[in-house]
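Undergrad: Dropping in coords-v5.txt, with compact mmCIF, C-alpha atoms.
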```
# COMPACT_ATOMS: atom_id res chain seq x y z
CA MET S 1104 -85.80 42.53 119.52
CA PRO S 1105 -86.71 45.71 117.64
CA THR S 1106 -84.18 48.53 117.43
CA LYS S 1107 -86.80 51.27 117.92
CA PHE S 1108 -89.80 51.20 120.20
CA SER S 1109 -92.18 53.41 122.09
CA ARG S 1110 -92.85 53.81 125.79
CA ARG S 1111 -95.92 51.66 125.24
CA ASP S 1112 -93.68 48.88 123.88
CA PHE S 1113 -91.44 49.17 126.92
CA GLY S 1114 -94.38 48.95 129.31
CA LYS S 1115 -95.81 45.97 127.47
CA TYR S 1116 -92.60 43.95 127.54
CA ALA S 1117 -91.88 44.93 131.15
CA GLY S 1118 -95.35 43.79 132.16
CA LEU S 1119 -94.80 40.46 130.46
CA GLY S 1120 -91.54 39.99 132.37
CA LEU S 1121 -89.56 39.85 129.14
CA LEU S 1122 -86.93 42.43 130.02
CA GLY S 1123 -85.04 40.44 132.65
CA ALA S 1124 -81.76 39.16 131.34
CA SER S 1125 -82.43 40.66 127.94
CA ALA S 1126 -82.70 44.21 129.31
CA SER S 1127 -79.04 44.69 128.45
CA GLY S 1128 -80.08 44.53 124.81
CA TRP S 1129 -83.02 46.89 125.23
CA LEU S 1130 -81.43 49.55 127.39
CA PRO S 1131 -78.62 50.53 124.98
CA ALA S 1132 -81.20 50.79 122.21
CA MET S 1133 -83.38 52.97 124.43
CA ALA S 1134 -80.42 55.17 125.32
CA ALA S 1135 -79.40 55.55 121.70
CA GLN S 1136 -82.95 56.40 120.68
CA ALA S 1137 -83.25 59.00 123.44
CA SER S 1138 -79.87 60.46 122.51
CA GLU S 1139 -80.89 60.73 118.86
CA ALA S 1140 -84.14 62.46 119.79
CA GLN S 1141 -82.32 64.91 122.04
CA ALA S 1142 -79.72 65.67 119.37
CA THR S 1143 -82.52 66.44 116.91
CA ALA S 1144 -84.21 68.73 119.44
CA ASP S 1145 -80.93 70.51 120.25
CA ARG S 1146 -79.89 71.04 116.63
CA LYS S 1147 -80.29 74.69 115.74
CA ARG S 1148 -82.41 75.48 112.75
CA LYS S 1149 -81.50 77.72 109.80
CA CYS S 1150 -83.40 80.25 107.72
CA ILE S 1151 -83.34 81.39 104.09
CA LEU S 1152 -85.19 84.59 103.18
CA LEU S 1153 -86.08 85.07 99.52
CA TRP S 1154 -86.72 88.80 99.34
CA MET S 1155 -88.77 90.25 96.46
CA SER S 1156 -87.81 93.92 96.47
CA GLY S 1157 -90.51 96.31 95.26
CA GLY S 1158 -93.58 94.36 96.37
CA PRO S 1159 -94.70 91.36 94.25
CA SER S 1160 -98.24 91.12 92.93
CA GLN S 1161 -100.13 88.47 94.88
CA MET S 1162 -102.54 87.95 91.98
CA GLU S 1163 -99.77 86.97 89.58
CA THR S 1164 -98.09 84.71 92.14
CA PHE S 1165 -99.90 82.96 95.03
CA ASP S 1166 -103.45 84.39 95.04
CA PRO S 1167 -104.73 84.49 91.44
CA LYS S 1168 -108.25 85.78 90.77
CA GLU S 1169 -109.00 84.16 87.44
CA GLY S 1170 -112.45 85.09 86.16
CA HIS S 1171 -112.63 88.44 87.96
CA ASP S 1172 -111.82 91.74 86.28
CA ASN S 1173 -109.21 92.43 88.96
CA GLY S 1174 -107.44 89.21 88.07
CA GLY S 1175 -106.51 90.42 84.62
CA PRO S 1176 -105.26 87.84 82.10
CA THR S 1177 -103.48 85.66 84.69
CA LYS S 1178 -104.71 82.08 84.81
CA ALA S 1179 -104.67 79.79 87.83
CA ILE S 1180 -103.10 76.33 87.63
CA GLU S 1181 -103.39 73.18 89.73
CA THR S 1182 -100.62 72.28 92.15
CA SER S 1183 -99.36 69.12 93.84
CA VAL S 1184 -101.91 69.81 96.59
CA PRO S 1185 -105.47 69.08 95.43
CA GLY S 1186 -107.66 72.15 95.54
CA VAL S 1187 -104.79 74.63 95.83
CA LYS S 1188 -104.16 76.78 92.76
CA ILE S 1189 -101.49 79.40 92.10
CA SER S 1190 -100.49 81.56 89.15
CA GLU S 1191 -99.64 80.06 85.78
CA HIS S 1192 -96.31 81.90 86.01
CA LEU S 1193 -95.07 79.44 88.67
CA PRO S 1194 -95.48 75.94 87.15
CA GLN S 1195 -92.43 74.45 88.88
CA VAL S 1196 -93.32 75.94 92.24
CA ALA S 1197 -96.79 74.43 91.78
CA GLN S 1198 -95.16 70.98 91.79
CA VAL S 1199 -93.56 71.51 95.22
CA MET S 1200 -96.69 72.95 96.85
CA GLN S 1201 -96.75 69.99 99.26
CA HIS S 1202 -93.78 71.69 100.97
CA LEU S 1203 -95.23 75.22 101.00
CA VAL S 1204 -97.76 77.25 102.97
CA PRO S 1205 -98.94 80.36 101.12
CA ILE S 1206 -100.28 82.96 103.54
CA ARG S 1207 -102.84 84.93 101.53
CA SER S 1208 -103.96 87.23 104.33
CA MET S 1209 -101.00 89.48 105.16
CA SER S 1210 -102.19 92.94 106.14
CA THR S 1211 -100.36 96.10 107.17
CA LYS S 1212 -100.96 99.83 106.80
CA GLU S 1213 -97.56 100.55 105.27
CA GLY S 1214 -97.71 101.35 101.55
CA ASP S 1215 -94.43 103.28 101.41
CA HIS S 1216 -91.36 101.34 100.25
CA THR S 1217 -89.06 102.71 102.95
CA ARG S 1218 -91.34 102.13 105.93
CA ALA S 1219 -92.70 98.82 104.62
CA THR S 1220 -89.24 97.40 103.88
CA TYR S 1221 -88.10 98.39 107.36
CA PHE S 1222 -91.25 96.91 108.94
CA MET S 1223 -90.99 93.55 107.17
CA HIS S 1224 -87.26 93.27 107.87
CA THR S 1225 -87.32 94.22 111.54
CA GLY S 1226 -90.87 93.59 112.77
CA TYR S 1227 -90.98 97.19 114.00
CA LEU S 1228 -91.86 100.54 112.49
CA PRO S 1229 -89.09 103.15 112.53
CA GLN S 1230 -89.60 105.33 115.58
CA GLY S 1231 -87.51 107.63 117.71
CA PRO S 1232 -83.86 106.90 118.44
CA ILE S 1233 -84.11 103.09 118.54
CA ARG S 1234 -82.20 101.37 115.74
CA TYR S 1235 -83.95 98.03 115.29
CA PRO S 1236 -81.88 95.15 113.86
CA THR S 1237 -82.79 93.40 110.65
CA VAL S 1238 -84.30 89.92 110.88
CA GLY S 1239 -81.11 88.22 109.71
CA SER S 1240 -79.15 89.86 112.51
CA PHE S 1241 -81.46 89.11 115.41
CA LEU S 1242 -82.24 85.56 114.28
CA SER S 1243 -78.63 84.64 113.48
CA LYS S 1244 -77.62 85.89 116.93
CA GLN S 1245 -79.90 83.21 118.39
CA LEU S 1246 -79.09 80.52 115.83
CA ARG S 1247 -75.34 80.95 115.40
CA ASP S 1248 -73.28 77.79 115.06
CA GLN S 1249 -70.12 78.47 117.06
CA THR S 1250 -68.20 75.81 115.13
CA CYS S 1251 -68.80 77.52 111.76
CA ASP S 1252 -65.93 79.65 110.44
CA LEU S 1253 -68.28 81.66 108.21
CA PRO S 1254 -70.39 84.59 109.42
CA SER S 1255 -73.78 83.56 110.74
CA PHE S 1256 -75.62 85.96 108.40
CA VAL S 1257 -74.97 86.33 104.66
CA SER S 1258 -76.86 88.68 102.35
CA VAL S 1259 -76.74 88.00 98.60
CA ASN S 1260 -77.21 90.92 96.19
CA PRO S 1261 -79.22 93.13 98.57
CA PHE S 1262 -81.08 96.14 97.17
CA ARG S 1263 -80.79 98.67 99.98
CA ALA S 1264 -81.85 101.87 98.20
CA PHE S 1265 -85.38 101.89 99.64
CA SER S 1266 -84.30 101.54 103.27
CA PRO S 1267 -80.61 101.08 104.14
CA ALA S 1268 -81.44 100.81 107.86
CA ALA S 1269 -83.65 97.79 107.16
CA TYR S 1270 -80.55 95.75 106.28
CA GLY S 1271 -78.33 96.68 109.22
CA PRO S 1272 -77.70 95.13 112.64
CA GLY S 1273 -79.13 98.15 114.46
CA PHE S 1274 -78.50 98.20 118.18
CA LEU S 1275 -76.94 94.71 118.08
CA GLY S 1276 -73.74 96.27 116.72
CA PRO S 1277 -71.45 95.59 113.75
CA SER S 1278 -70.51 92.08 114.85
CA TRP S 1279 -74.02 91.04 113.74
CA SER S 1280 -73.85 92.77 110.36
CA PRO S 1281 -74.42 90.59 107.31
CA LEU S 1282 -71.57 89.48 105.11
CA VAL S 1283 -72.68 91.08 101.83
CA VAL S 1284 -71.95 89.03 98.73
CA GLU S 1285 -72.33 90.44 95.23
CA SER S 1286 -72.54 88.39 92.06
CA ALA S 1287 -70.38 88.79 88.98
CA MET S 1288 -71.50 87.87 85.47
CA THR S 1289 -69.16 86.66 82.74
CA GLY S 1290 -69.64 85.38 79.20
CA ASP S 1291 -72.39 86.16 76.70
CA GLU S 1292 -76.07 85.21 76.55
CA ASP S 1293 -75.25 81.78 75.11
CA ASN S 1294 -72.61 80.99 77.72
CA ARG S 1295 -73.37 82.92 80.89
CA SER S 1296 -71.59 82.24 84.12
CA VAL S 1297 -72.31 83.61 87.58
CA SER S 1298 -69.79 83.73 90.39
CA PHE S 1299 -69.82 85.14 93.91
CA GLU S 1300 -66.88 86.83 95.50
CA VAL S 1301 -66.22 88.03 99.01
CA SER S 1302 -63.95 91.07 98.87
CA ASN S 1303 -60.59 91.21 100.66
CA LEU S 1304 -60.36 87.57 101.66
CA LYS S 1305 -56.81 87.31 100.36
CA PRO S 1306 -53.76 89.49 101.07
CA ALA S 1307 -52.47 91.70 98.28
CA ASP S 1308 -50.32 89.90 95.73
CA ASN S 1309 -47.14 91.54 97.01
CA VAL S 1310 -47.80 90.53 100.65
CA THR S 1311 -46.53 87.14 101.79
CA ALA S 1312 -48.46 84.96 104.23
CA GLN S 1313 -45.79 85.60 106.88
CA GLN S 1314 -46.07 89.35 106.39
CA ALA S 1315 -49.87 89.17 106.62
CA ASP S 1316 -49.67 87.21 109.89
CA SER S 1317 -47.23 89.74 111.33
CA ARG S 1318 -49.59 92.59 110.48
CA LEU S 1319 -52.50 90.78 112.09
CA GLN S 1320 -50.46 90.21 115.24
CA LEU S 1321 -49.60 93.90 115.34
CA LEU S 1322 -53.26 94.81 114.91
CA ALA S 1323 -54.28 92.45 117.72
CA SER S 1324 -51.69 94.01 120.03
CA LEU S 1325 -52.86 97.55 119.28
CA GLU S 1326 -56.50 96.59 119.79
CA HIS S 1327 -55.66 94.89 123.10
CA ASP S 1328 -53.97 98.04 124.38
CA PHE S 1329 -56.86 100.21 123.16
CA LEU S 1330 -59.51 98.07 124.88
CA ALA S 1331 -57.50 97.99 128.11
CA LYS S 1332 -57.82 101.78 128.35
CA ARG S 1333 -61.26 102.14 126.75
CA PRO S 1334 -63.38 99.09 127.55
CA GLY S 1335 -66.93 98.96 126.27
CA GLY S 1336 -69.37 97.56 123.73
CA PRO S 1337 -68.31 99.45 120.55
CA GLY S 1338 -64.62 98.57 120.91
CA THR S 1339 -65.34 94.95 121.76
CA SER S 1340 -67.73 94.64 118.83
CA HIS S 1341 -65.09 96.08 116.49
CA VAL S 1342 -62.52 93.54 117.66
CA GLN S 1343 -64.98 90.68 117.32
CA SER S 1344 -65.74 91.71 113.73
CA TYR S 1345 -62.05 91.67 112.82
CA GLU S 1346 -61.50 88.33 114.56
CA GLN S 1347 -64.39 86.83 112.64
CA ALA S 1348 -63.01 88.18 109.35
CA VAL S 1349 -59.56 86.71 110.04
CA ARG S 1350 -61.08 83.38 111.02
CA MET S 1351 -62.96 83.28 107.72
CA MET S 1352 -59.87 84.29 105.71
CA LYS S 1353 -57.97 81.30 107.06
CA SER S 1354 -60.83 78.79 106.81
CA ALA S 1355 -61.46 76.18 104.17
CA ALA S 1356 -65.17 76.98 104.60
CA VAL S 1357 -64.84 79.88 102.14
CA LYS S 1358 -64.97 77.24 99.41
CA ALA S 1359 -68.75 77.34 99.94
CA PHE S 1360 -68.78 80.50 97.82
CA ASN S 1361 -67.27 78.68 94.85
CA LEU S 1362 -70.02 77.01 92.81
CA ASP S 1363 -67.70 75.41 90.26
CA GLY S 1364 -67.84 72.03 91.96
CA GLU S 1365 -71.62 71.79 91.71
CA ASP S 1366 -73.23 69.50 89.16
CA VAL S 1367 -73.84 71.33 85.87
CA VAL S 1368 -77.37 69.96 85.60
CA LEU S 1369 -78.22 71.26 89.07
CA ARG S 1370 -76.76 74.68 88.32
CA ASP S 1371 -78.85 74.83 85.17
CA ALA S 1372 -81.95 73.81 87.12
CA TYR S 1373 -81.53 76.73 89.52
CA GLY S 1374 -81.10 79.10 86.59
CA ARG S 1375 -77.88 80.65 85.25
CA ASN S 1376 -78.61 84.08 86.68
CA PRO S 1377 -77.65 85.86 89.93
CA PHE S 1378 -80.85 84.92 91.77
CA GLY S 1379 -80.84 81.28 90.71
CA GLN S 1380 -77.18 80.83 91.56
CA GLY S 1381 -77.76 82.86 94.73
CA CYS S 1382 -80.33 80.28 95.83
CA LEU S 1383 -77.81 77.52 95.14
CA LEU S 1384 -75.24 79.47 97.16
CA ALA S 1385 -77.78 79.74 99.99
CA ARG S 1386 -78.12 75.98 100.11
CA ARG S 1387 -74.32 75.57 100.19
CA LEU S 1388 -73.97 78.12 102.98
CA ILE S 1389 -76.70 76.47 105.04
CA GLU S 1390 -74.86 73.17 104.61
CA SER S 1391 -71.65 74.86 105.78
CA GLY S 1392 -73.21 76.08 109.01
CA VAL S 1393 -74.40 79.60 108.15
CA SER S 1394 -77.57 80.35 110.13
CA PHE S 1395 -79.35 82.93 107.97
CA VAL S 1396 -79.06 83.69 104.25
CA GLU S 1397 -81.04 86.38 102.43
CA VAL S 1398 -81.23 86.28 98.63
CA ASN S 1399 -82.73 89.21 96.77
CA LEU S 1400 -84.62 89.16 93.46
CA SER S 1401 -85.41 92.56 92.03
CA GLY S 1402 -84.77 92.29 88.32
CA ALA S 1403 -86.01 90.16 85.43
CA ASP S 1404 -82.41 89.13 84.72
CA GLY S 1405 -82.10 87.82 88.28
CA GLN S 1406 -80.01 90.77 89.40
CA GLY S 1407 -80.32 92.36 92.81
CA GLY S 1408 -79.79 95.96 91.81
CA GLY S 1409 -83.30 97.29 91.25
CA ALA S 1410 -86.94 97.17 92.26
CA GLY S 1411 -88.36 95.04 89.50
CA TRP S 1412 -91.46 93.97 91.47
CA ASP S 1413 -92.60 97.61 91.67
CA THR S 1414 -94.86 97.09 88.67
CA HIS S 1415 -96.79 100.34 88.30
CA GLN S 1416 -96.63 99.87 84.52
CA GLU S 1417 -97.13 96.75 82.38
CA ASN S 1418 -97.49 94.58 85.45
CA PHE S 1419 -98.35 91.37 83.63
CA ASP S 1420 -95.33 91.32 81.33
CA ALA S 1421 -92.99 92.39 84.13
CA VAL S 1422 -94.22 89.81 86.64
CA GLY S 1423 -94.14 87.11 83.98
CA SER S 1424 -90.47 87.85 83.36
CA LEU S 1425 -89.63 88.00 87.06
CA CYS S 1426 -91.41 84.70 87.69
CA GLY S 1427 -89.39 83.20 84.88
CA VAL S 1428 -86.38 83.73 87.15
CA LEU S 1429 -88.13 82.97 90.43
CA ASP S 1430 -89.93 79.77 89.45
CA PRO S 1431 -87.01 77.41 88.67
CA ALA S 1432 -84.80 78.80 91.43
CA TYR S 1433 -87.43 78.61 94.17
CA ALA S 1434 -88.68 75.15 93.19
CA THR S 1435 -85.17 73.73 92.80
CA LEU S 1436 -84.11 75.16 96.17
CA ILE S 1437 -87.04 73.45 97.90
CA ASN S 1438 -86.35 70.15 96.15
CA ASP S 1439 -82.61 70.38 96.77
CA LEU S 1440 -83.05 71.07 100.48
CA SER S 1441 -85.60 68.26 100.76
CA GLN S 1442 -83.46 65.68 98.97
CA ARG S 1443 -80.46 66.52 101.14
CA GLY S 1444 -82.45 66.21 104.36
CA LEU S 1445 -82.07 69.93 105.10
CA LEU S 1446 -85.65 71.15 104.69
CA ASP S 1447 -86.85 69.82 108.05
CA ASP S 1448 -84.40 72.13 109.82
CA THR S 1449 -84.43 75.06 107.37
CA LEU S 1450 -87.22 77.62 107.20
CA VAL S 1451 -87.60 79.20 103.75
CA VAL S 1452 -89.49 82.51 103.74
CA TRP S 1453 -90.70 84.18 100.53
CA MET S 1454 -91.90 87.77 100.83
CA GLY S 1455 -91.66 91.40 99.80
CA GLU S 1456 -92.64 94.62 101.54
CA PHE S 1457 -96.29 94.60 100.41
CA GLY S 1458 -98.54 93.47 97.55
CA ARG S 1459 -100.10 95.22 94.56
CA THR S 1460 -103.51 96.78 94.07
CA PRO S 1461 -106.23 94.37 92.97
CA LYS S 1462 -107.52 97.04 90.60
CA ILE S 1463 -105.46 97.48 87.45
CA ASN S 1464 -104.40 101.07 86.78
CA GLU S 1465 -104.49 103.01 83.51
CA ASN S 1466 -100.91 101.94 82.72
CA ASN S 1467 -101.84 98.26 82.82
CA GLY S 1468 -100.03 98.10 86.13
CA ARG S 1469 -100.69 97.61 89.81
CA ASP S 1470 -99.81 100.08 92.55
CA HIS S 1471 -98.81 99.63 96.21
CA TRP S 1472 -101.23 97.56 98.31
CA PRO S 1473 -100.58 96.65 101.97
CA ASN S 1474 -104.19 95.67 102.82
CA SER S 1475 -104.34 92.07 101.60
CA TRP S 1476 -101.36 90.25 100.13
CA SER S 1477 -99.25 87.09 100.30
CA THR S 1478 -96.15 85.60 101.84
CA VAL S 1479 -95.04 81.94 101.81
CA LEU S 1480 -93.37 79.66 104.36
CA ALA S 1481 -91.75 76.27 103.82
CA GLY S 1482 -89.69 73.79 105.83
CA ALA S 1483 -88.74 73.74 109.53
CA GLY S 1484 -91.85 71.82 110.54
CA VAL S 1485 -94.48 74.18 109.14
CA LYS S 1486 -97.81 72.56 108.30
CA ALA S 1487 -97.17 72.35 104.59
CA GLY S 1488 -99.63 71.57 101.84
CA GLN S 1489 -102.25 74.09 102.90
CA VAL S 1490 -103.23 77.69 102.27
CA TYR S 1491 -103.63 79.98 105.25
CA GLY S 1492 -106.00 82.92 105.06
CA GLN S 1493 -108.31 83.99 102.29
CA THR S 1494 -109.06 87.16 100.38
CA SER S 1495 -112.37 88.20 98.87
CA ALA S 1496 -113.29 87.33 95.29
CA ASP S 1497 -112.06 90.73 94.13
CA GLY S 1498 -108.93 90.59 96.31
CA MET S 1499 -109.79 93.86 98.06
CA GLU S 1500 -110.38 92.48 101.54
CA ILE S 1501 -109.33 89.64 103.82
CA ASP S 1502 -112.17 87.21 104.46
CA ASP S 1503 -110.38 84.87 106.85
CA ASN S 1504 -107.40 84.84 109.27
CA PRO S 1505 -105.66 88.20 108.82
CA VAL S 1506 -101.92 88.06 109.61
CA SER S 1507 -99.93 90.96 111.02
CA VAL S 1508 -96.19 91.46 110.65
CA GLN S 1509 -95.75 90.99 114.39
CA ASN S 1510 -97.58 87.66 114.38
CA LEU S 1511 -95.63 86.52 111.32
CA MET S 1512 -92.36 87.32 113.13
CA ALA S 1513 -93.49 85.42 116.23
CA THR S 1514 -94.39 82.43 114.06
CA ILE S 1515 -91.05 82.53 112.25
CA CYS S 1516 -89.27 82.56 115.62
CA HIS S 1517 -91.24 79.56 116.88
CA ALA S 1518 -90.60 77.62 113.66
CA LEU S 1519 -86.90 78.16 114.34
CA HIS S 1520 -87.26 77.02 117.98
CA ILE S 1521 -86.66 80.56 119.29
CA ASP S 1522 -88.77 82.21 121.96
CA PRO S 1523 -90.16 85.38 120.31
CA GLU S 1524 -90.18 87.08 123.71
CA THR S 1525 -86.37 86.85 123.91
CA THR S 1526 -85.04 90.36 124.39
CA ASN S 1527 -81.96 92.35 123.39
CA LEU S 1528 -80.92 95.61 125.00
CA SER S 1529 -81.42 98.53 122.63
CA ASN S 1530 -79.15 101.50 122.11
CA VAL S 1531 -81.33 103.53 124.49
CA GLY S 1532 -81.25 100.88 127.21
CA ARG S 1533 -84.67 99.36 126.58
CA PRO S 1534 -85.12 95.57 126.34
CA ILE S 1535 -86.63 94.83 122.91
CA PRO S 1536 -88.29 91.45 122.22
CA LEU S 1537 -87.61 89.70 118.91
CA ALA S 1538 -91.32 89.93 118.09
CA ASP S 1539 -93.12 93.01 119.35
CA HIS S 1540 -95.14 92.93 122.58
CA GLY S 1541 -98.55 91.36 122.06
CA SER S 1542 -97.47 89.18 119.13
CA THR S 1543 -99.20 85.82 118.81
CA VAL S 1544 -97.83 82.67 117.22
CA ILE S 1545 -100.08 81.36 114.44
CA SER S 1546 -100.42 77.80 115.70
CA ASP S 1547 -102.24 76.58 112.57
CA LEU S 1548 -99.02 77.12 110.62
CA LEU S 1549 -96.80 74.99 112.85
CA SER S 1550 -96.62 71.26 113.45
CA GLY S 1551 -96.71 70.01 117.00
CA TRP S 1552 -99.31 72.52 118.20
```
Written as structure tokens, how would this file's structure read?
TA:
Amino acid sequence: MPTKFSRRDFGKYAGLGLLGASASGWLPAMAAQASEAQATADRKRKCILLWMSGGPSQMETFDPKEGHDNGGPTKAIETSVPGVKISEHLPQVAQVMQHLVPIRSMSTKEGDHTRATYFMHTGYLPQGPIRYPTVGSFLSKQLRDQTCDLPSFVSVNPFRAFSPAAYGPGFLGPSWSPLVVESAMTGDEDNRSVSFEVSNLKPADNVTAQQADSRLQLLASLEHDFLAKRPGGPGTSHVQSYEQAVRMMKSAAVKAFNLDGEDVVLRDAYGRNPFGQGCLLARRLIESGVSFVEVNLSGADGQGGGAGWDTHQENFDAVGSLCGVLDPAYATLINDLSQRGLLDDTLVVWMGEFGRTPKINENNGRDHWPNSWSTVLAGAGVKAGQVYGQTSADGMEIDDNPVSVQNLMATICHALHIDPETTNLSNVGRPIPLADHGSTVISDLLSGW
């Protein structure tokens, strides 16, 4: 008897009268198969956002225009998907294209860093008194693994200067804030090492474990008395944040932040820089049960403390250097997730706040361009190995399948098995859906549609 079979198999054998006494062998197999399928359906998905602060040039990344004046000197190269070409600056990413879906037809009207960063992180434009939560907050609220001792949302090297509000939990409250992790560099250029530290995880050196526990008990008692007299959302959220911090302090899961145990060859493959090691950290955190990890790249050295993709001057040299950091990290992350069986349940999103002008300016640079630009999805059941949308030969217009921020958010939600119409109550008492009213899921990007 086979160990796996379809309903058609069951009907065939039943019709032939072959299930009689042997049904006891079939039924457990059927039950196990159904249980496995249900477990897969119930398993919550995860998300990694690779954020390119400053707005990456689509023509030097995923929508090259070789042969046109607007394309500049950038050449297009073949990928692992026949007929799909991307920039020569991403040779390793080209070899994992079978896992990716470049969206070449993103279009917004927001060419200002502050508004565009807020829009792409929340799915909403800043307006009135409503404080919209960042994507990591509202998605991790839906995806949170209750058994995980780590916070559900971790942000690695964020660059918040353009729009601090775009990185906060908004009306969801501080309990859904990201755990911010900054990288530290040691050694010289020939022997560089990157580490990640979470501040204040350990008591001060002169405080014993017993003393620390006593202080925590005192704090819990004071908070209990305070909430008894002043119940409400802010106080409860404050307590929850402290409880989560204490839980993490005492958990072995914090070892996920220590990369020393990783294979040296793999660490080298990601790149010995903050972004490359941040991508490796993202994989470790996803493995440990974290629901959403954002990793920022905004400097040619892989740092997260600038807006390197804002290439108004010498665009081609700058993007070439940035891609030198992006390419190995991005490709290795996709391969690593795939080989570990994590890619099917992990959505990897690559994007910035907008693209760059197709026309090259007098400083050999490209300026802000929200009209027609690119993002990329991978994993979590997206229909990989294709390109969605198309821009004109000069890159100035979208010729096919324009994609709005709202529709992208709805599609991201669906890829993560979340209903985009799920609402949260805002700070002014209005129910706010995860994806704005009128959003449409882009079915051509998702399997099973």
Undergrad: Mind pulling up the distance from CA of Asp1470 in chain S to CA of Ile1545 in chain S?
TA: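 For CA of Ile1545 in chain S relative to CA of Asp1470 in chain S, the distance reads 28.8 Å.
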Undergrad: I'd like the neighbourhood of range 1498-1514 of chain S as a list in words, where a residue qualifies if any of its atoms comes within 6 Å (using all atoms listed in the file), though same-chain residues fewer than 2 positions away should be ignored.
TA: Ser1208, Met1209, Ser1210, Gly1226, Pro1461, Ser1475, Gly1492, Gln1493, Thr1494, Ser1495, Ala1496, Cys1516, His1517, Pro1523, Ala1538, Asp1539, Ser1542, Thr1543, Val1544 and Ile1545 of chain S
Undergrad: Could you save the residues just selected, with C-alpha atoms, as a PDB file, keeping the file's coordinate frame?
TA:
```pdb
ATOM      1  CA  SER S1208    -103.960  87.230 104.330  1.00  0.00           C
ATOM      2  CA  MET S1209    -101.000  89.480 105.160  1.00  0.00           C
ATOM      3  CA  SER S1210    -102.190  92.940 106.140  1.00  0.00           C
ATOM      4  CA  GLY S1226     -90.870  93.590 112.770  1.00  0.00           C
ATOM      5  CA  PRO S1461    -106.230  94.370  92.970  1.00  0.00           C
ATOM      6  CA  SER S1475    -104.340  92.070 101.600  1.00  0.00           C
ATOM      7  CA  GLY S1492    -106.000  82.920 105.060  1.00  0.00           C
ATOM      8  CA  GLN S1493    -108.310  83.990 102.290  1.00  0.00           C
ATOM      9  CA  THR S1494    -109.060  87.160 100.380  1.00  0.00           C
ATOM     10  CA  SER S1495    -112.370  88.200  98.870  1.00  0.00           C
ATOM     11  CA  ALA S1496    -113.290  87.330  95.290  1.00  0.00           C
ATOM     12  CA  CYS S1516     -89.270  82.560 115.620  1.00  0.00           C
ATOM     13  CA  HIS S1517     -91.240  79.560 116.880  1.00  0.00           C
ATOM     14  CA  PRO S1523     -90.160  85.380 120.310  1.00  0.00           C
ATOM     15  CA  ALA S1538     -91.320  89.930 118.090  1.00  0.00           C
ATOM     16  CA  ASP S1539     -93.120  93.010 119.350  1.00  0.00           C
ATOM     17  CA  SER S1542     -97.470  89.180 119.130  1.00  0.00           C
ATOM     18  CA  THR S1543     -99.200  85.820 118.810  1.00  0.00           C
ATOM     19  CA  VAL S1544     -97.830  82.670 117.220  1.00  0.00           C
ATOM     20  CA  ILE S1545    -100.080  81.360 114.440  1.00  0.00           C
TER      21      ILE S1545
END
```
Undergrad: Using only C-alpha atoms, determine which residues lie at most 12 Å from Leu1193 in chain S, disregarding the query and same-chain residues fewer than 5 positions distant; provide the list as a VMD selection string.
TA: chain S and resid 1162 to 1167 1177 to 1182 1188 1198 to 1200 1422 to 1434
Undergrad: I'd like the neighbourhood of Val1238 in chain S as a list of chain:residue names, where a residue qualifies if any of its atoms comes within 10 Å (using all atoms listed in the file), though same-chain residues fewer than 5 positions away should be ignored.
TA: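 Residues meeting the cut-off are S:Leu1152, S:Tyr1221, S:Met1223, S:His1224, S:Thr1225, S:Gly1226, S:Ser1243, S:Lys1244, S:Phe1256, S:Ala1269, S:Tyr1270, S:Gly1271, S:Pro1272, S:Phe1395, S:Glu1397, S:Met1512, S:Leu1537.
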Undergrad: Keeping only C-alpha atoms, write the selected residues as a short mmCIF file (atom, residue, chain, number, x, y, z; two decimals), keeping the file's coordinate frame.
TA:
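The resulting file, selection.cif, is shown below:
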```cif
data_model
loop_
_atom_site.label_atom_id
_atom_site.label_comp_id
_atom_site.auth_asym_id
_atom_site.auth_seq_id
_atom_site.Cartn_x
_atom_site.Cartn_y
_atom_site.Cartn_z
CA LEU S 1152 -85.19 84.59 103.18
CA TYR S 1221 -88.10 98.39 107.36
CA MET S 1223 -90.99 93.55 107.17
CA HIS S 1224 -87.26 93.27 107.87
CA THR S 1225 -87.32 94.22 111.54
CA GLY S 1226 -90.87 93.59 112.77
CA SER S 1243 -78.63 84.64 113.48
CA LYS S 1244 -77.62 85.89 116.93
CA PHE S 1256 -75.62 85.96 108.40
CA ALA S 1269 -83.65 97.79 107.16
CA TYR S 1270 -80.55 95.75 106.28
CA GLY S 1271 -78.33 96.68 109.22
CA PRO S 1272 -77.70 95.13 112.64
CA PHE S 1395 -79.35 82.93 107.97
CA GLU S 1397 -81.04 86.38 102.43
CA MET S 1512 -92.36 87.32 113.13
CA LEU S 1537 -87.61 89.70 118.91
#
```
Undergrad: For Arg1443 in chain S, which residue among S:Glu1390, S:Gly1402, S:Pro1232, S:Pro1261 is the nearest when counting only C-alpha atoms?
TA: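 With only C-alpha atoms as the atom set, the closest residue is S:Glu1390.
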Undergrad: Let me make sure I understand: among S:Pro1473, S:Pro1281, S:Pro1229, S:Pro1185, which one has the smallest atom-to-atom distance to Leu1253 in chain S if we use all atoms listed in the file?
TA: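 For Leu1253 in chain S, the nearest of the candidates is S:Pro1281.
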Undergrad: For CA of Asn1418 in chain S and CA of Asn1466 in chain S, determine how far apart the two atoms are, in Å to one decimal place.
TA: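 These two atoms are separated by 8.6 Å.
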Undergrad: How big is the axis-aligned box around the listed atoms of range 1201-1215 of chain S once 8 Å is added on each side, and where is its centre? Give both in Å to one decimal, as AutoDock Vina command-line options.
TA:
```
--center_x -98.9 --center_y 86.6 --center_z 103.2 --size_x 26.2 --size_y 49.3 --size_z 23.9
```
